[in-house]
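Peer 1: There's a structure below that I have some questions on.
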Amino acid sequence: MIGGNRMDKKLKQALNDAYHTPRPVRKTAFLKQHRRRELDRWELVAVQVRYVHWWVWGLSLVLFGVILWAASPVEGMGAWYAAAFTPFLALLAVMENGRSRFYQMEELELACRMARHSVILARMVVLGLFHLALLAGLTPPLAVWGAEGLARTGVYLLTPYLLTAALGMELTRRVRGRECLLACGGAAVLVSGLGILVLNRRLVFGLPEHFSLWVAALVLSAVAVGLEIVWSVNEMEELQWN
């Protein structure tokens, strides 16, 4: 037994000598040199531009052209009919932002380096600014071609967009899978149909003297979109914690 213990000690010593690891030299400087750089919020937004599907940009521009065509003096449909197309712009944004939920891929996104809610918010900013720019570009010509004026035309275009976005985000939180696509599409069609009814003066909402109702609807829709964003972020943070 004594001889065996001596052999074990000699073997351990030989192994320590053979596989001796020297102390690291300039370890801290090396790690600082290769430290991962964090993206700031606007860099993250710029990165997300590349991850938005090309057909979302393309269809948005197509809808922009359709709205201009519908409201042009040649067709003479005016801002009212043009406003009936804006829900489908919001539908494109909702579909792109809820892509992972539609295809039940939330857990895969949670495994990424960036926080999932930061990525989704960045994508919302990208598409939201792009669509707001399109609507801002539509407002002056539609105001010139129609009799509603600049402020009224802007409200008529933005209200159905925000209303559809709020409904779509609510449906995205509550419905999973491909059924959510159908539900969001139905919401866009519903808002568009209500716009056409308003256009034909079949609802009191469409009378010029009740423009204050449009302003109230715009404010409520904007508040609803803000609340939906907060609720969505909270849900994503709870899912990541779980």
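By order in the structure tokens, chains are A, B, ...; within a chain, residues start at 1; ligands start at 1, following the order shown.
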Mind checking which residues fall within 8 Å of Gly154 in chain A, counting only C-alpha atoms, ignoring those fewer than 6 positions away in the same chain, and posting them as a ChimeraX atom specification?
Peer 2: /A:135-136,139
Peer 1: How would the residues just chosen look if you wrote them out with C-alpha atoms as a compact mmCIF listing (two decimals), in the first residue's frame?
Peer 2:
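Everything below was put into out.txt:
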# COMPACT_ATOMS: atom_id res chain seq x y z
CA LEU A 135 -49.19 58.99 -45.23
CA ALA A 136 -47.48 62.37 -44.84
CA THR A 139 -51.81 64.20 -47.35
Peer 1: For the helix (DSSP H, G or I) assignment from backbone DSSP, which residues of range 78-183 of chain A qualify? Please present them as number ranges by chain.
Peer 2: A: 78-83, 86-97, 99-102, 106-110, 116-145, 150-174, 178-183
Peer 1: Find the residues around range 167-180 of chain A up to 10 Å (only C-alpha atoms counted), leave out those fewer than 2 positions away in its own chain, and share them as an MDAnalysis selection string.
Peer 2: chainID A and resid 90:91 93:95 97:105 162:165 182:188 191 221 224:225 227:229 231:232 235
Peer 1: How many Å separate CA of Leu63 in chain A from CA of Glu43 in chain A?
Peer 2: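 Taking CA of Leu63 in chain A and CA of Glu43 in chain A, their separation equals 28.4 Å.
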Peer 1: Could you please determine the separation between CA of Ala151 in chain A and CA of Ile67 in chain A in Å, to one decimal place?
Peer 2: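 Going from CA of Ala151 in chain A over to CA of Ile67 in chain A, I get 17.7 Å.
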Peer 1: Could you state the separation of CA of Trp42 in chain A and CA of Asn234 in chain A in Å, given to one decimal place?
Peer 2: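 A separation of 21.6 Å between them.
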Peer 1: Quick one: residues within 12 Å of Val62 in chain A, only C-alpha atoms counted, chain neighbours fewer than 4 positions away excluded, as a PyMOL selection string?
Peer 2: chain A and resi 55-58+66-69+85-86+88-89+92+134
Peer 1: Measuring atom to atom with only C-alpha atoms, identify which of A:Gly226, A:Gly128, A:Pro24, A:Pro140 is nearest to Thr153 in chain A.
Peer 2: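 The answer is A:Pro140, which sits nearest to Thr153 in chain A.
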